[in-house]
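Below is the file start-v6.csv, which contains CSV, C-alpha atoms.
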chain,number,residue,atom,x,y,z
A,1,MET,CA,120.3,63.5,257.2
A,2,ALA,CA,123.7,62.1,258.3
A,3,HIS,CA,126.9,63.8,259.2
A,4,VAL,CA,129.5,62.3,257.0
A,5,ILE,CA,133.3,62.5,257.0
A,6,ALA,CA,134.9,61.5,253.8
A,7,LEU,CA,138.5,60.6,253.7
A,8,VAL,CA,139.2,60.8,250.0
A,9,GLY,CA,142.6,61.2,248.3
A,10,ASP,CA,141.3,62.0,244.8
A,11,LEU,CA,140.1,65.6,245.0
A,12,LEU,CA,137.8,65.3,241.9
A,13,PHE,CA,136.1,62.1,243.1
A,14,GLY,CA,135.8,63.6,246.6
A,15,SER,CA,134.2,66.7,245.3
A,16,ASN,CA,131.7,64.6,243.2
A,17,LEU,CA,131.0,62.4,246.2
A,18,GLN,CA,130.4,65.4,248.4
A,19,GLY,CA,128.0,66.9,245.9
A,20,ALA,CA,126.0,63.7,245.5
A,21,LEU,CA,125.8,63.2,249.3
A,22,ALA,CA,124.8,66.8,249.9
A,23,ALA,CA,122.1,66.6,247.2
A,24,ALA,CA,120.6,63.7,249.2
A,25,GLY,CA,120.5,65.8,252.3
A,26,HIS,CA,123.7,64.7,254.1
A,27,ASP,CA,126.1,67.1,255.7
A,28,VAL,CA,129.6,66.2,254.3
A,29,GLU,CA,133.1,67.2,255.2
A,30,LEU,CA,136.0,66.1,253.0
A,31,CYS,CA,139.4,65.2,254.5
A,32,ALA,CA,142.6,64.5,252.7
A,33,ASP,CA,144.6,63.1,255.7
A,34,GLU,CA,144.1,60.4,258.2
A,35,ASP,CA,144.7,62.6,261.3
A,36,ARG,CA,141.9,64.9,260.4
A,37,ALA,CA,139.5,62.0,259.7
A,38,ARG,CA,140.5,60.4,263.0
A,39,ALA,CA,139.7,63.7,264.9
A,40,LEU,CA,136.3,64.2,263.2
A,41,ALA,CA,135.0,60.7,262.9
A,42,PRO,CA,133.9,60.2,266.5
A,43,ASN,CA,131.3,62.9,266.1
A,44,ALA,CA,130.1,61.7,262.7
A,45,ASP,CA,127.4,59.2,261.7
A,46,VAL,CA,129.4,57.8,258.8
A,47,LEU,CA,133.1,57.7,257.9
A,48,VAL,CA,133.7,57.1,254.2
A,49,VAL,CA,137.2,55.9,253.4
A,50,ASP,CA,139.0,55.8,250.0
A,51,LEU,CA,140.8,52.5,249.9
A,52,VAL,CA,142.2,53.3,246.4
A,53,SER,CA,144.4,56.3,247.0
A,54,ASP,CA,148.1,56.0,247.4
A,55,GLY,CA,149.3,57.3,250.7
A,56,LEU,CA,146.1,56.4,252.6
A,57,ASP,CA,145.9,53.2,254.6
A,58,GLY,CA,142.2,53.1,255.4
A,59,ALA,CA,142.2,49.5,256.7
A,60,ARG,CA,145.0,50.3,259.2
A,61,LEU,CA,143.1,53.5,260.2
A,62,ILE,CA,139.8,51.8,260.8
A,63,GLU,CA,141.4,48.9,262.6
A,64,SER,CA,143.2,51.2,265.0
A,65,MET,CA,140.2,53.4,265.6
A,66,LYS,CA,138.0,50.3,266.3
A,67,LEU,CA,140.6,49.0,268.8
A,68,GLY,CA,140.6,52.4,270.5
A,69,ASP,CA,136.7,52.5,270.5
A,70,GLU,CA,136.8,55.8,268.6
A,71,LEU,CA,134.0,54.6,266.2
A,72,ALA,CA,131.4,53.5,268.7
A,73,GLU,CA,128.7,55.6,267.2
A,74,CYS,CA,130.1,56.0,263.7
A,75,ARG,CA,129.5,53.6,260.8
A,76,THR,CA,132.3,53.0,258.2
A,77,LEU,CA,132.1,52.7,254.5
A,78,GLY,CA,135.1,51.9,252.3
A,79,PHE,CA,135.4,51.9,248.6
A,80,TYR,CA,138.1,50.1,246.5
A,81,ALA,CA,139.0,49.4,242.9
A,82,HIS,CA,136.7,46.5,241.8
A,83,ILE,CA,139.7,44.5,240.6
A,84,ASP,CA,141.5,44.5,243.9
A,85,ALA,CA,140.0,41.7,246.0
A,86,GLU,CA,142.9,41.8,248.4
A,87,VAL,CA,142.1,45.4,249.4
A,88,ARG,CA,138.4,44.5,249.9
A,89,ALA,CA,139.3,41.5,252.1
A,90,ARG,CA,141.8,43.5,254.2
A,91,ALA,CA,139.1,46.2,254.7
A,92,LEU,CA,136.5,43.7,255.8
A,93,ALA,CA,139.0,42.1,258.2
A,94,ALA,CA,139.8,45.6,259.6
A,95,GLY,CA,136.1,46.0,260.6
A,96,PHE,CA,134.5,48.2,258.0
A,97,ASP,CA,130.7,48.0,258.2
A,98,MET,CA,130.5,48.1,254.4
A,99,VAL,CA,133.0,47.8,251.5
A,100,VAL,CA,132.0,48.5,247.9
A,101,PRO,CA,133.6,49.0,244.6
A,102,ARG,CA,134.4,52.6,243.6
A,103,SER,CA,132.0,52.4,240.7
A,104,ARG,CA,129.1,51.6,243.1
A,105,MET,CA,130.2,54.4,245.5
A,106,ALA,CA,130.1,56.8,242.6
A,107,ARG,CA,126.7,55.5,241.5
A,108,ALA,CA,124.9,55.0,244.8
A,109,GLY,CA,127.0,56.6,247.5
A,110,ALA,CA,124.0,58.5,249.0
A,111,ASP,CA,121.9,55.4,249.2
A,112,LEU,CA,124.7,53.5,250.9
A,113,VAL,CA,125.2,56.2,253.5
A,114,THR,CA,121.4,56.2,254.2
A,115,GLU,CA,121.4,52.4,254.5
A,116,LEU,CA,124.3,52.5,257.0
A,117,VAL,CA,122.6,55.2,259.1
A,118,ALA,CA,119.4,53.1,259.2
A,119,ARG,CA,121.2,50.1,260.7

Reformat the file's structure so that it appears as C-alpha cells.
Amino acid sequence: MAHVIALVGDLLFGSNLQGALAAAGHDVELCADEDRARALAPNADVLVVDLVSDGLDGARLIESMKLGDELAECRTLGFYAHIDAEVRARALAAGFDMVVPRSRMARAGADLVTELVAR
C-alpha cells in the first residue's frame, strides 16, 4: 500500500482516480492546489499530477520541488492529454518519474502507482 497525493484539477476524474487507487489498497489524498500538494508530497510515496487542467503547472511544480530536494523519497507520476506531446516532453524534462496519457491513467492508475513504488 502506498500513500498517494493526487493533484487533480478535475473533481470528477480525481474522485474516480481516488476510488480506483483506494480499491487497490492505496491511501489517497486529493488536492486541488499546488501549495497543498507541495506541503503533503514530502511525506508521500507517490505524487500524481494532472498536467491537463488549466491553472495547474505540474511541470513547474515538480521542477522546483526537485531542485529543493522536496521529493527525495517521493515518486512522481504525471498524466496528460494524449494529443499534447509538448506537455509530455516538458513534464519529462522537469523530472517526472513517469508520464502517461490520461486514458492510461484512468485505465491503469493503480498498477502505475504500484510499479513506481516498487522501483

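Closest approach to Ala24 of chain A from the set A:Val46, A:Ala72, A:Leu67, A:Ala110 is made by A:Ala110, with distances taken over only C-alpha atoms.
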
Within 9 Å of segment 15-20 of chain A: each segment 48-114 of chain A residue with its shortest pair, all atoms listed in the file, as a Markdown table:
| residue | atom | partner | partner_atom | distance |
| --- | --- | --- | --- | --- |
| A:Met105 | CA | A:Leu17 | CA | 8.1 |
| A:Ala106 | CA | A:Leu17 | CA | 6.7 |
| A:Ala108 | CA | A:Ala20 | CA | 8.8 |
| A:Gly109 | CA | A:Leu17 | CA | 7.2 |
| A:Ala110 | CA | A:Ala20 | CA | 6.6 |

Could you please take those selected residues and save C-alpha atoms as a PDB file, in the frame of the given file?
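Final output, out_16.pdb:
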ATOM      1  CA  MET A 105     130.200  54.400 245.500  1.00  0.00           C
ATOM      2  CA  ALA A 106     130.100  56.800 242.600  1.00  0.00           C
ATOM      3  CA  ALA A 108     124.900  55.000 244.800  1.00  0.00           C
ATOM      4  CA  GLY A 109     127.000  56.600 247.500  1.00  0.00           C
ATOM      5  CA  ALA A 110     124.000  58.500 249.000  1.00  0.00           C
TER       6      ALA A 110
END

Report task. Find, counting only C-alpha atoms, the residue in A:Met98, A:Ala32, A:Leu92, A:Ile62 that gets nearest to Arg119 of chain A. Result -> A:Met98

Query raised in the report: Out of A:Ala85, A:Ala118, A:Glu34, A:Val28, which residue has the shortest atom-to-atom distance to Ser64 of chain A when counting only C-alpha atoms?
Result: A:Glu34

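Once Ala94 of chain A and its same-chain neighbours fewer than 3 positions away are set aside, Gly58, Ala59, Arg60, Leu61, Ile62, Glu63, Ser64, Lys66, Ala89, Arg90 and Ala91 of chain A remain within 9 Å of it when counting only C-alpha atoms.
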
Query raised in the report: What is the atom CA of His3 of chain A-atom CA of Arg88 of chain A distance in Å, reported with one decimal?
Result: 24.3 Å
